[in-house]
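*Asks:* Pasting a structure below so you can have a look.
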Protein chains: 2
Amino acid sequence: VSEHGPHGLVAALKTIVGDDGVLVETHDIQPFRGDIGLTAADTDLIVVRPRSTDALSAIVKVCGMHGVAITPRGGGSGFCGGAVPSATGLNVVVSFERMRRIRAVDTVNDVLVVEAGCTLHDAQEAAKSAGRLLGVDHGGAGSSQIGGNLGTNAGGNNVLRYGMARDQVLGLEVVLADGSVISRLSPLRKSNVGYDLKQMFLGSEGTLGLITAATLRLRPAPVKRATACLAVESPEQALRFLDQGKLAFGESISAFELMSGAAVALHMKHAREDAWPGGEAVPWLILLEADSASSYFDLDAALTDLLDRTFESGLVKGGTVASSEAQRFKFWRIREGIASAMVATPGCLKSDTAVPISQIPQFIFDAGAAVKTLAPGCVPAPFGHLGDGNIHFNVLPPMGEPPELFQSKWKLIQAAIATVSLSLDGTVSAEHGIGLTKKAAMAEMMGPVEMHLMRSLKRAWDPYDTLNQGKLFE
Amino acid sequence: VSEHGPHGLVAALKTIVGDDGVLVETHDIQPFRGDIGLTAADTDLIVVRPRSTDALSAIVKVCGMHGVAITPRGGGSGFCGGAVPSATGLNVVVSFERMRRIRAVDTVNDVLVVEAGCTLHDAQEAAKSAGRLLGVDHGGAGSSQIGGNLGTNAGGNNVLRYGMARDQVLGLEVVLADGSVISRLSPLRKSNVGYDLKQMFLGSEGTLGLITAATLRLRPAPVKRATACLAVESPEQALRFLDQGKLAFGESISAFELMSGAAVALHMKHAREDAWPGGEAVPWLILLEADSASSYFDLDAALTDLLDRTFESGLVKGGTVASSEAQRFKFWRIREGIASAMVATPGCLKSDTAVPISQIPQFIFDAGAAVKTLAPGCVPAPFGHLGDGNIHFNVLPPMGEPPELFQSKWKLIQAAIATVSLSLDGTVSAEHGIGLTKKAAMAEMMGPVEMHLMRSLKRAWDPYDTLNQGKLFE
């Protein structure tokens with residue numbers, strides 16, 4: 001035990017969380033070394049699994065006394081190394097797997113009070129059982145935890161309608177760097193009392209405090225839904241169609257996804273599908289979904305009218321309206337299948353940037369030119385959330401070339417995509433965050449003034465750099 | 001000139017903004033001494049009126065060199081003394097009246113880029129002209145400026161649907177305490193790049209930075225609207241009716257206001273109206289409004305069905321549906337007329353707290369008991385935004401008593417209302433902010449841990465306490 005850090009640390013942690021709450025054996029701690037994007041092979045670490053906020057507060061105090069860094073860990077489904085233990089020495093990794101209670105489902109105030117370790121999926125289901133909707137959904141719902149979703153301000157498919165994870169939060173419970181606890185979980189809708197401190201923990205990737213529970217806003221569950229999968233000839237046309245869609249549906253469009261032909265083709269190959277979903281082979285697919293919690297909103301009529309007009313004008317070239325829940329799932333399987341197919345494709349480069357939606361056509365054009373210059377023969381396969389400007393400009397390696405060769409150029413290509421995004425008033429990270437992998441890109445985007453504000457805030461709230469050391473910036 | 005501060009300050013300010021940009025004469029500076037809630041009679045001050053962000057940056061640097069405090073000022077329509085110059089010595093008051101440009105109205109990205117000195121009304125009109133809606137509206141729209149609305153995170157009538165002022169903001173331009181400038185005005189919808197710094201300026205009442213411009217989210221303009229003024233017997237019944245309303249309208253309820261009989265009666269007396277708007281004399285009125293940007297949402301049918309059900313069950317006792325825009329304005333005149341009548345009533349106590357909406361009946365009951373104990377014979381006249389928990393528990397002085405006597409008890413009564421609010425998991429300030437008048441209440445509510453975080457943030461970003469000295473906390 002003594003090789004796992006300062007004398008007495010493991011014993012002190014066991015006193016707080018019990019013997020089985022502390023993991024130190026190599027094979028036990030192996031799964032806690034990283035996330036999807038990055039893993040640290042050889043960091044010295046202790047995993048601790050508290051069951052309560054008070055226990056976590058005690059853990060943080062003990063770590064403070066021993067001068068040991070703390071790495072918070074959710075579902076481990078991040079892409080940027082945000083859950084990778086610090087390389088500077090021994091780490092205590094805090095796993096929230098034992099803090100997964102749903103503390104309250106309140107349909108008068110329309111909130112869910114949920115602990116950090118609850119998966120997004122479980123929180124969604126709790127909302128659903130109460131006839132409500134939680135406004136965040138993404139491909140990692142099954143494994144990602146609420147704490148991680150809030151710590152990274154997760155995005156996903158419904159940002160257009162409901163905003164980011166941040167926008168669902170009415171209150172937080174947080175353990176600070178010195179072990180003190182803020183518990184402000186009231187389902188209040190309105191409170192202007194000085195600085196809105198919770199906003200700084202949201203998206204801070206655990207560098208300012210450890211989120212242990214949250215009060216999340218619930219929406220009325222949709223009782224009507226309209227979904228269509230449509231083919232258009234270009235991103236410009238997709239944007240024009242979105243404009244028409246807003247006229248028909250107002251604010252009730254909940255998803256507007258764009259998929260390139262290359263991305264769809266990859267999915268079809270991977271899933272062994274052969275019927276092109278957009279009808280004819282038109283290069284871009286749109287997945288449009290609108291929903292309403294009122295039965296007085298005639299979404300079907302709105303969709304029929306929209307499609308009549310846009311087919312007639314030639315804006316939409318083909319497509320299908322979902323006439324059943326099964327068909328709707330089929331459309332969404334294409335969208336989610338693209339992500340899975342890319343994970344399964346060796347050498348496939350993933351990216352996560354966003355631009356103002358007016359700039360999406362230019363972004364796709366410029367990024368395509370940039371990556372083809374750096375890696376001739378590579379295949380851009382962009383797809384993502386057109387409705388909020390977040391197109392994942394993913395790229396497949398050149399055919400017939402070893403993927404390792406392409407992989408060796410990843411950093412260069414990522415940087416080129418980021419540069420294109422910044423040149424169009426965009427961001428280097430739309431929804432995946434910064435973690436370890438995007439620190440340089442963030443510094444470039446934010447510039448010295450904003451970086452200074454961030455660093456000075458970190459120093460003010462975590463003066464000994466205890467919490468998730470080395471993430472966001474040095 | 002020399003009595004107005006350190007040698008050369010006025011001259012230096014004139015070099016930046018021109019002679020007519022600086023006011024020092026007693027009668028010129030008189031209007032800049034306070035807001036609706038509070039005025040400081042004898043502070044030594046210089047008023048400076050920049051035309052650009054660069055000019056303001058230069059002003060802040062000059063003030064820094066002279067060690068002079070800066071008080072930002074919007075429309076002066078606050079209630080809490082947030083615009084009152086600091087009492088500690090000479091102040092430079094920055095008036096944004098010459099920075100009122102609308103820099104862009106962008107209907108592709110659905111944003112408005114607007115300077116801090118633009119009135120809320122002018123920003124609303126710019127949105128309207130483009131077929132869009134700005135999601136903030138309140139009684140002070142004509143005089144309050146965007147900078148003040150954002151600096152105080154204003155609320156108002158549509159929070160239920162569109163959120164607070166904070167929720168409209170996609171980007172900010174800010175001058176910091178050392179004169180450096182952050183300009184992040186991209187209409188990006190998604191960006192996860194470290195701490196979301198803009199959140200700290202929103203609601204900070206000018207203590208961390210001076211907002212000079214903002215990129216505000218626009219919504220599609222409503223094309224349909226349903227409005228009703230209804231009578232119910234109690235706040236409990238109003239809450240039950242809101243539940244029914246959510247079933248009928250989903251998320252499209254844009255206002256749900258509650259007015260006590262005492263508040264309505266005061267308005268009727270003041271406006272010399274005699275037809276009781278709710279039909280029979282039932283003690284509580286509801287103003288319900290729903291709107292939609294889609295013509296496929298049959299709001300009229302939803303309202304008819306809702307009223308059929310709730311009249312039949314006896315939940316709603318009487319009322320009228322607005323059948324024209326004129327009738328709708330008439331309903332809103334009641335709501336806004338209450339506020340005006342109270343301003344015109346000597347001794348009328350105003351308050352601004354909020355509780356979780358489930359607690360509103362208890363809050364009204366407990367606050368009523370508390371104020372009647374402190375001032376027997378006083379007349380509670382609560383009204384406000386039931387839909388978001390923010391009932392203004394205003395109180396009329398006892399009949400036949402000099403209002404000054406009641407006024408001498410204001411502080412005690414305010415404190416009692418705040419105590420009731422806190423006992424129900426509520427807040428001491430819902431939408432009016434803290435300024436000078438609510439500092440003690442805020443410290444009580446937040447407690448030492450959160451106050452420490454706020455103070456340490458202020459020290460980190462404004463180490464010489466230059467910006468809006470003495471507001472929020474000492």
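Chain labels follow the order of the structure tokens: the first chain is A, the next B, and so on; residue numbering restarts at 1 in every chain, and ligands are counted from 1 in their shown order.
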I need the helix (DSSP H, G or I) residues of region 216-456 of chain B per DSSP on the backbone, written as a PyMOL selection string.
*Replies:* chain B and resi 235-252+261-271+299-312+325-343+357-374+386-388+403-407+410-423+439-456
*Asks:* Quick check: residues of chain A within 7 Å of chain B, only C-alpha atoms, returned as a VMD selection string.
*Replies:* chain A and resid 108 to 109 186 to 196 199 to 200 203 to 204 220 247 to 251 292 to 294 296 to 299 302 354 to 358 388 to 389 425 to 427 429 to 431 433 to 434 442 453 to 454 456 to 457 460 to 461 472
*Asks:* Enumerate as a PyMOL selection string all residues of region 20-65 of chain B assigned to strand (DSSP E) by DSSP on the backbone, naming them with the chain letters and numbers the document uses.
*Replies:* chain B and resi 22-23+45-48
*Asks:* Would you save the residues of that selection, restricted to C-alpha atoms, as a tab-separated table (two decimals), in the first residue's frame?
*Replies:*
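After the write, out-v6.tsv holds the following:
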chain	number	residue	atom	x	y	z
B	22	VAL	CA	-17.43	65.16	-20.11
B	23	LEU	CA	-19.91	66.67	-17.63
B	45	LEU	CA	-18.46	62.86	-9.64
B	46	ILE	CA	-17.49	63.38	-13.26
B	47	VAL	CA	-19.75	62.03	-16.01
B	48	VAL	CA	-18.09	60.73	-19.15
*Asks:* Neighbours of Ala55 (chain A) within 12 Å (only C-alpha atoms; same-chain residues fewer than 4 positions away dropped), as a VMD selection string?
*Replies:* chain A and resid 12 to 18 21 48 to 51 59 to 62 94 96 98 to 99 175 179 to 181 212
*Asks:* Selected residues, N, CA, C and O atoms, written as a short mmCIF file (atom, residue, chain, number, x, y, z; two decimals), in the first residue's frame, please.
*Replies:*
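Just written: part36.cif:
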data_model
loop_
_atom_site.label_atom_id
_atom_site.label_comp_id
_atom_site.auth_asym_id
_atom_site.auth_seq_id
_atom_site.Cartn_x
_atom_site.Cartn_y
_atom_site.Cartn_z
N ALA A 12 -6.46 6.46 5.24
CA ALA A 12 -7.39 7.55 5.53
C ALA A 12 -8.59 7.50 4.59
O ALA A 12 -9.74 7.70 4.99
N LEU A 13 -8.33 7.22 3.32
CA LEU A 13 -9.42 7.14 2.34
C LEU A 13 -10.36 5.98 2.69
O LEU A 13 -11.58 6.10 2.59
N LYS A 14 -9.76 4.84 3.11
CA LYS A 14 -10.59 3.68 3.49
C LYS A 14 -11.46 3.98 4.70
O LYS A 14 -12.58 3.48 4.82
N THR A 15 -10.94 4.80 5.59
CA THR A 15 -11.75 5.19 6.75
C THR A 15 -13.01 5.95 6.29
O THR A 15 -14.08 5.81 6.86
N ILE A 16 -12.85 6.70 5.23
CA ILE A 16 -14.00 7.50 4.75
C ILE A 16 -14.99 6.65 3.96
O ILE A 16 -16.20 6.74 4.18
N VAL A 17 -14.50 5.84 3.04
CA VAL A 17 -15.41 5.17 2.09
C VAL A 17 -15.47 3.65 2.27
O VAL A 17 -16.16 2.96 1.51
N GLY A 18 -14.77 3.13 3.29
CA GLY A 18 -14.74 1.68 3.48
C GLY A 18 -13.69 1.03 2.59
O GLY A 18 -13.25 1.62 1.59
N GLY A 21 -14.31 0.73 -1.09
CA GLY A 21 -14.47 2.00 -1.80
C GLY A 21 -13.16 2.51 -2.38
O GLY A 21 -13.15 3.49 -3.12
N VAL A 48 -11.03 6.15 -5.78
CA VAL A 48 -11.89 6.20 -4.60
C VAL A 48 -13.33 6.42 -5.04
O VAL A 48 -13.60 7.16 -5.98
N ARG A 49 -14.25 5.66 -4.39
CA ARG A 49 -15.63 5.66 -4.85
C ARG A 49 -16.59 6.04 -3.72
O ARG A 49 -17.16 5.17 -3.06
N PRO A 50 -16.77 7.33 -3.50
CA PRO A 50 -17.63 7.78 -2.39
C PRO A 50 -19.10 7.48 -2.68
O PRO A 50 -19.50 7.36 -3.84
N ARG A 51 -19.86 7.38 -1.57
CA ARG A 51 -21.31 7.19 -1.70
C ARG A 51 -22.09 8.46 -1.38
O ARG A 51 -23.32 8.47 -1.48
N ILE A 59 -12.83 13.31 1.51
CA ILE A 59 -11.75 12.85 0.61
C ILE A 59 -10.92 14.03 0.13
O ILE A 59 -9.68 13.99 0.14
N VAL A 60 -11.62 15.10 -0.29
CA VAL A 60 -10.90 16.26 -0.82
C VAL A 60 -10.02 16.88 0.27
O VAL A 60 -8.87 17.28 0.01
N LYS A 61 -10.52 16.91 1.50
CA LYS A 61 -9.72 17.46 2.59
C LYS A 61 -8.48 16.61 2.85
O LYS A 61 -7.38 17.14 3.04
N VAL A 62 -8.66 15.29 2.86
CA VAL A 62 -7.53 14.39 3.06
C VAL A 62 -6.50 14.55 1.94
O VAL A 62 -5.29 14.63 2.19
N VAL A 94 -11.48 10.23 -8.50
CA VAL A 94 -12.78 10.11 -7.85
C VAL A 94 -13.77 9.57 -8.87
O VAL A 94 -14.06 10.22 -9.88
N PHE A 96 -17.61 8.45 -9.59
CA PHE A 96 -18.94 8.76 -9.04
C PHE A 96 -19.91 7.61 -9.19
O PHE A 96 -21.10 7.77 -8.99
N ARG A 98 -20.86 5.27 -7.44
CA ARG A 98 -21.73 4.94 -6.31
C ARG A 98 -22.64 6.10 -5.89
O ARG A 98 -23.35 6.01 -4.89
N MET A 99 -22.55 7.19 -6.63
CA MET A 99 -23.46 8.32 -6.35
C MET A 99 -24.35 8.50 -7.56
O MET A 99 -24.15 9.40 -8.37
N VAL A 175 -18.50 20.18 -4.49
CA VAL A 175 -17.43 20.17 -3.49
C VAL A 175 -16.27 20.99 -4.05
O VAL A 175 -15.80 20.75 -5.17
N GLY A 179 -12.57 21.36 0.03
CA GLY A 179 -13.47 20.39 0.66
C GLY A 179 -14.78 20.99 1.14
O GLY A 179 -15.68 20.26 1.54
N SER A 180 -14.90 22.30 1.09
CA SER A 180 -16.20 22.87 1.50
C SER A 180 -17.24 22.59 0.43
O SER A 180 -16.92 22.29 -0.72
N VAL A 181 -18.51 22.65 0.85
CA VAL A 181 -19.60 22.21 -0.02
C VAL A 181 -20.56 23.36 -0.29
O VAL A 181 -20.95 24.08 0.63
N THR A 212 -21.51 17.24 -7.50
CA THR A 212 -22.01 15.99 -6.90
C THR A 212 -23.50 15.76 -7.17
O THR A 212 -23.96 14.62 -7.11
#
*Asks:* Quick one: everything within 6 Å of Val93 (chain A), counting only C-alpha atoms, minus sequence neighbours fewer than 4 positions away in the same chain. Send it as a list in words.
*Replies:* Val47, Ile70, Thr71 and Pro72 of chain A
*Asks:* Residues within 12 Å of region 305-319 of chain A, please, as a count of residues only. Count only C-alpha atoms; anything in the same chain fewer than 6 positions from it doesn't count.
*Replies:* 44
*Asks:* Given only C-alpha atoms as the basis, pick out the residue of B:Ser260, B:Thr437, B:Ser351, B:Asn91 nearest to Leu38 (chain B).
*Replies:*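 Once distances to Leu38 (chain B) are computed over only C-alpha atoms, the minimum belongs to B:Thr437.
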*Asks:* Fewer than 3 positions away in the same chain doesn't count, so skip those; otherwise give me all residues within 9 Å of Phe32 (chain A), counting only C-alpha atoms, as number ranges by chain.
*Replies:* A: 28-29, 35, 39, 45, 47, 73, 76, 83-85, 93, 95
*Asks:* Write out the residues from the selection above, keeping N, CA, C and O atoms, as a tab-separated table (two decimals), in the first residue's frame.
*Replies:*
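Output below, filename again-v8.tsv:
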chain	number	residue	atom	x	y	z
A	28	ASP	N	-7.50	-3.48	-11.12
A	28	ASP	CA	-8.69	-2.72	-10.72
A	28	ASP	C	-8.66	-1.29	-11.24
A	28	ASP	O	-9.69	-0.72	-11.60
A	29	ILE	N	-7.47	-0.70	-11.23
A	29	ILE	CA	-7.39	0.72	-11.59
A	29	ILE	C	-7.23	0.94	-13.09
A	29	ILE	O	-7.40	2.06	-13.57
A	35	ASP	N	-10.00	8.14	-21.19
A	35	ASP	CA	-11.33	8.17	-21.81
A	35	ASP	C	-11.21	7.64	-23.23
A	35	ASP	O	-10.20	7.04	-23.59
A	39	THR	N	-5.49	7.85	-23.22
A	39	THR	CA	-5.24	7.06	-22.01
A	39	THR	C	-3.80	7.26	-21.57
A	39	THR	O	-2.90	7.34	-22.40
A	45	LEU	N	-1.89	5.90	-9.47
A	45	LEU	CA	-3.21	6.38	-9.05
A	45	LEU	C	-3.92	5.48	-8.04
A	45	LEU	O	-3.65	4.28	-7.96
A	47	VAL	N	-7.99	4.84	-6.87
A	47	VAL	CA	-9.38	5.16	-7.22
A	47	VAL	C	-10.23	5.12	-5.96
A	47	VAL	O	-10.14	4.18	-5.17
A	73	ARG	N	-13.96	11.66	-12.37
A	73	ARG	CA	-14.23	10.78	-13.49
A	73	ARG	C	-15.71	10.44	-13.58
A	73	ARG	O	-16.32	9.98	-12.63
A	76	GLY	N	-16.36	8.16	-18.48
A	76	GLY	CA	-15.17	7.90	-19.30
A	76	GLY	C	-15.44	7.94	-20.79
A	76	GLY	O	-14.70	7.37	-21.59
A	83	ALA	N	-10.58	13.12	-18.54
A	83	ALA	CA	-10.59	12.22	-17.38
A	83	ALA	C	-9.25	11.50	-17.19
A	83	ALA	O	-9.15	10.59	-16.37
A	84	VAL	N	-8.25	11.91	-17.92
A	84	VAL	CA	-6.93	11.29	-17.79
A	84	VAL	C	-6.23	11.85	-16.55
A	84	VAL	O	-6.13	13.06	-16.40
A	85	PRO	N	-5.76	10.97	-15.66
A	85	PRO	CA	-5.07	11.46	-14.46
A	85	PRO	C	-3.86	12.32	-14.81
A	85	PRO	O	-3.22	12.13	-15.84
A	93	VAL	N	-8.17	9.34	-8.20
A	93	VAL	CA	-9.27	9.44	-9.16
A	93	VAL	C	-10.57	9.26	-8.39
A	93	VAL	O	-10.75	8.25	-7.69
A	95	SER	N	-14.25	8.36	-8.62
A	95	SER	CA	-15.28	7.79	-9.48
A	95	SER	C	-16.64	8.00	-8.81
A	95	SER	O	-16.81	7.75	-7.62
*Asks:* Calculated over only C-alpha atoms, which of the candidates B:Tyr162, B:Tyr464, B:Phe406, B:Phe383 has the smallest distance to Leu258 (chain B)?
*Replies:*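 Distance minimum relative to Leu258 (chain B) lands on B:Phe383.
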